[in-house]
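Asks: Before I ask anything, here is the structure I am working with.
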Amino acid sequence: VEQNLADVAALIRHARSQLFPAATAVVVQGGSYAGASSAWMRRTYPKLVDAAIAQSPPVTAVYDFARYDVSNLVALSSPDSRCAQAQARVGAALTSLLHSSPGKLMRLFGAAHYEGSPTGMVDFAYALGDSSSSAVQYGRKSILCEALQPGYSSPSSASPSAAGEAPHDELALAALFANYTRHAWGNEYFSSCFYNSSCMATATEGPVAQSARSWYWMKCAHLGYLQTAPQQGLSTRPRHLTAA
């Protein structure tokens, strides 16, 4: 973070001296992490930055950020609370299946490559969580809720299944979410380097090497933006993803 701000400060000084010598004020603007950076620039370099416009800025570092998941459930409850209830059932089903049939669940999502990977379970759980939360955060809530409509009437208890097999309704809910994920984010969602720690650690080019790897380090270690599942109550994502 500190280096990021110093880089922006150096860029501003260069721009004012070489490109815009007549400029009378500097305003920084951004959204999400860039929004936080804008606010931090104004606070850290008040003599260099005259104003900041920070849109959705995560300016407070929160370790074990389960409240993000709770806020997504609140958002999904409007205008129809059945969407939030269905997504919570999906989260519970994914948690159960990750415990009882992780390989079967990964194959259902076209993510069999996670099987046997040292970080496969965490990578998979994180990608599952992002699939729903990104819909809320980036204006695709209607796509998610429409995909979940067949699950609005799903029973709260597991329907009978053969001994040793996952309950039918859990698999049905997981299948709904798998279909939604493919529709919303594409068939390559789970195979991308963004949700593969082994790939991310060794990537030398492309978006992951250029920015995603450093962003993951900042949000998970430096800042503490790890978006975890609430360990009690309803959740949109698998409870396997915790800060413990």
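For the structure tokens, the naming scheme is as follows: chains receive sequential letters (A, B, ...) according to their order of presentation, residues are indexed from 1 within each chain, and ligands are indexed from 1 in presentation order.
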Please tabulate, as a tab-separated table, the residues of range 47-103 of chain A that come within 12 Å of range 216-219 of chain A, each with its closest pair of atoms and the distance in Å to one decimal, counting only C-alpha atoms and ordering rows by chain, then residue number upward.
Replies:
residue	atom	partner	partner_atom	distance
A:Pro58	CA	A:Lys219	CA	10.2
A:Val59	CA	A:Lys219	CA	11.6
A:Thr60	CA	A:Lys219	CA	11.4
A:Ala61	CA	A:Lys219	CA	8.6
A:Val62	CA	A:Lys219	CA	9.7
A:Tyr63	CA	A:Lys219	CA	9.6
A:Asp64	CA	A:Lys219	CA	11.0
A:Phe65	CA	A:Lys219	CA	10.7
Asks: Give me the residues within 9 Å of Ala184 in chain A as a list in words, counting only C-alpha atoms and dropping any in the same chain fewer than 2 places off.
Replies: Ser131, Ala135, Arg140, Ile143, Leu144, Asn179, Tyr180, Thr181, Arg182 and Gly186 of chain A
Asks: As a list in words, please: every residue in range 50-203 of chain A that DSSP puts in strand (DSSP E).
Replies: Ala51, Ala52, Ile53, Ala54 and Gln55 of chain A
Asks: Considering only C-alpha atoms, return as a list in words whatever protein or nucleic-acid residues lie within 12 Å of Val74 in chain A, sequence-local ones (same chain, fewer than 6 positions apart) excluded.
Replies: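 My list of contacting residues is Arg67, Tyr68, Asp80, Ser81, Arg82, Cys83, Ala84, Gln85, Gln87, Ala88, Ser133, Val136, Lys141, Leu234, Ser235 and Thr236 of chain A.
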Asks: Could you take the residues named above and write them with all heavy atoms, as a compact mmCIF listing (two decimals), in the first residue's frame?
Replies:
# COMPACT_ATOMS: atom_id res chain seq x y z
N ARG A 67 -18.70 -10.11 7.71
CA ARG A 67 -19.83 -9.19 7.52
C ARG A 67 -20.10 -8.90 6.05
O ARG A 67 -21.21 -8.53 5.68
CB ARG A 67 -19.57 -7.88 8.28
CG ARG A 67 -19.78 -8.00 9.78
CD ARG A 67 -19.45 -6.71 10.49
NE ARG A 67 -18.00 -6.42 10.43
CZ ARG A 67 -17.44 -5.30 10.87
NH1 ARG A 67 -18.19 -4.36 11.41
NH2 ARG A 67 -16.15 -5.12 10.79
N TYR A 68 -19.08 -9.07 5.21
CA TYR A 68 -19.29 -8.90 3.78
C TYR A 68 -20.31 -9.91 3.27
O TYR A 68 -21.20 -9.58 2.49
CB TYR A 68 -17.96 -9.07 3.06
CG TYR A 68 -18.03 -9.00 1.55
CD1 TYR A 68 -18.21 -7.78 0.90
CD2 TYR A 68 -17.92 -10.14 0.77
CE1 TYR A 68 -18.28 -7.71 -0.48
CE2 TYR A 68 -17.98 -10.08 -0.61
CZ TYR A 68 -18.15 -8.86 -1.23
OH TYR A 68 -18.22 -8.79 -2.59
N ASP A 80 -37.02 -9.72 -3.39
CA ASP A 80 -37.68 -10.98 -3.07
C ASP A 80 -36.78 -11.77 -2.12
O ASP A 80 -35.69 -12.21 -2.51
CB ASP A 80 -37.93 -11.80 -4.34
CG ASP A 80 -38.83 -13.01 -4.12
OD1 ASP A 80 -38.89 -13.49 -2.97
OD2 ASP A 80 -39.45 -13.49 -5.09
N SER A 81 -37.22 -11.93 -0.88
CA SER A 81 -36.39 -12.59 0.13
C SER A 81 -36.10 -14.05 -0.21
O SER A 81 -35.17 -14.65 0.33
CB SER A 81 -37.06 -12.50 1.50
OG SER A 81 -38.30 -13.19 1.51
N ARG A 82 -36.89 -14.64 -1.12
CA ARG A 82 -36.66 -16.04 -1.48
C ARG A 82 -35.30 -16.23 -2.14
O ARG A 82 -34.72 -17.31 -2.07
CB ARG A 82 -37.78 -16.54 -2.38
CG ARG A 82 -39.13 -16.68 -1.69
CD ARG A 82 -40.20 -17.13 -2.67
NE ARG A 82 -40.40 -16.15 -3.73
CZ ARG A 82 -41.20 -16.34 -4.78
NH1 ARG A 82 -41.89 -17.48 -4.90
NH2 ARG A 82 -41.33 -15.40 -5.71
N CYS A 83 -34.81 -15.20 -2.80
CA CYS A 83 -33.49 -15.30 -3.44
C CYS A 83 -32.41 -15.50 -2.38
O CYS A 83 -31.54 -16.38 -2.51
CB CYS A 83 -33.20 -14.05 -4.27
SG CYS A 83 -31.59 -14.10 -5.11
N ALA A 84 -32.43 -14.69 -1.33
CA ALA A 84 -31.45 -14.82 -0.25
C ALA A 84 -31.58 -16.17 0.44
O ALA A 84 -30.58 -16.81 0.77
CB ALA A 84 -31.63 -13.69 0.76
N GLN A 85 -32.83 -16.60 0.65
CA GLN A 85 -33.04 -17.90 1.30
C GLN A 85 -32.51 -19.05 0.45
O GLN A 85 -31.88 -19.99 0.96
CB GLN A 85 -34.53 -18.08 1.58
CG GLN A 85 -35.09 -17.10 2.60
CD GLN A 85 -36.61 -17.06 2.61
OE1 GLN A 85 -37.27 -17.81 1.88
NE2 GLN A 85 -37.18 -16.18 3.43
N GLN A 87 -30.08 -18.81 -1.81
CA GLN A 87 -28.62 -18.74 -1.82
C GLN A 87 -28.04 -19.27 -0.51
O GLN A 87 -26.99 -19.91 -0.50
CB GLN A 87 -28.15 -17.31 -2.07
CG GLN A 87 -26.63 -17.16 -2.14
CD GLN A 87 -26.00 -18.04 -3.20
OE1 GLN A 87 -26.47 -18.11 -4.33
NE2 GLN A 87 -24.91 -18.72 -2.85
N ALA A 88 -28.72 -19.02 0.59
CA ALA A 88 -28.26 -19.56 1.87
C ALA A 88 -28.34 -21.09 1.86
O ALA A 88 -27.45 -21.77 2.40
CB ALA A 88 -29.10 -18.99 3.01
N SER A 133 -20.93 -13.54 -4.59
CA SER A 133 -20.68 -12.18 -4.10
C SER A 133 -20.41 -11.21 -5.25
O SER A 133 -20.80 -10.04 -5.19
CB SER A 133 -19.52 -12.17 -3.10
OG SER A 133 -18.31 -12.53 -3.73
N VAL A 136 -23.55 -9.76 -6.69
CA VAL A 136 -24.11 -8.66 -5.90
C VAL A 136 -23.29 -7.39 -6.12
O VAL A 136 -23.83 -6.31 -6.35
CB VAL A 136 -24.14 -9.02 -4.41
CG1 VAL A 136 -24.61 -7.84 -3.57
CG2 VAL A 136 -25.04 -10.23 -4.17
N LYS A 141 -27.01 -9.26 -9.79
CA LYS A 141 -27.87 -9.92 -8.81
C LYS A 141 -29.08 -10.56 -9.48
O LYS A 141 -29.48 -11.67 -9.11
CB LYS A 141 -28.33 -8.91 -7.75
CG LYS A 141 -29.14 -9.52 -6.62
CD LYS A 141 -29.48 -8.49 -5.55
CE LYS A 141 -30.55 -7.54 -6.01
NZ LYS A 141 -31.05 -6.68 -4.90
N LEU A 234 -26.89 -17.78 8.70
CA LEU A 234 -26.92 -18.04 7.27
C LEU A 234 -25.64 -17.55 6.60
O LEU A 234 -24.99 -16.62 7.07
CB LEU A 234 -28.13 -17.35 6.65
CG LEU A 234 -29.51 -17.76 7.18
CD1 LEU A 234 -30.61 -16.98 6.47
CD2 LEU A 234 -29.73 -19.26 7.03
N SER A 235 -25.33 -18.18 5.48
CA SER A 235 -24.13 -17.81 4.73
C SER A 235 -24.37 -18.05 3.25
O SER A 235 -25.07 -18.98 2.87
CB SER A 235 -22.93 -18.63 5.22
OG SER A 235 -21.81 -18.43 4.38
N THR A 236 -23.77 -17.23 2.40
CA THR A 236 -23.88 -17.44 0.96
C THR A 236 -22.78 -18.35 0.44
O THR A 236 -22.89 -18.91 -0.64
CB THR A 236 -23.78 -16.11 0.18
OG1 THR A 236 -22.45 -15.60 0.28
CG2 THR A 236 -24.77 -15.10 0.70
Asks: So that I can check the surroundings of range 123-127 of chain A, please list as a ChimeraX atom specification every protein, DNA and RNA residue that reaches within 10 Å of it, counting only C-alpha atoms and ignoring chain neighbours fewer than 3 positions away.
Replies: /A:94-95,98,102,105-106,109,111-115,117-120,130-133,181,189-190,194-198,226-229,237-242
Asks: Residues of range 82-146 of chain A in helix (DSSP H, G or I) according to DSSP, as a PyMOL selection string?
Replies: chain A and resi 82-100+102-108+112-114+120-137+141-146
Asks: Quick one: pull the distance between CA of Leu97 in chain A and CA of Ser77 in chain A, Å, one decimal.
Replies: 24.5 Å
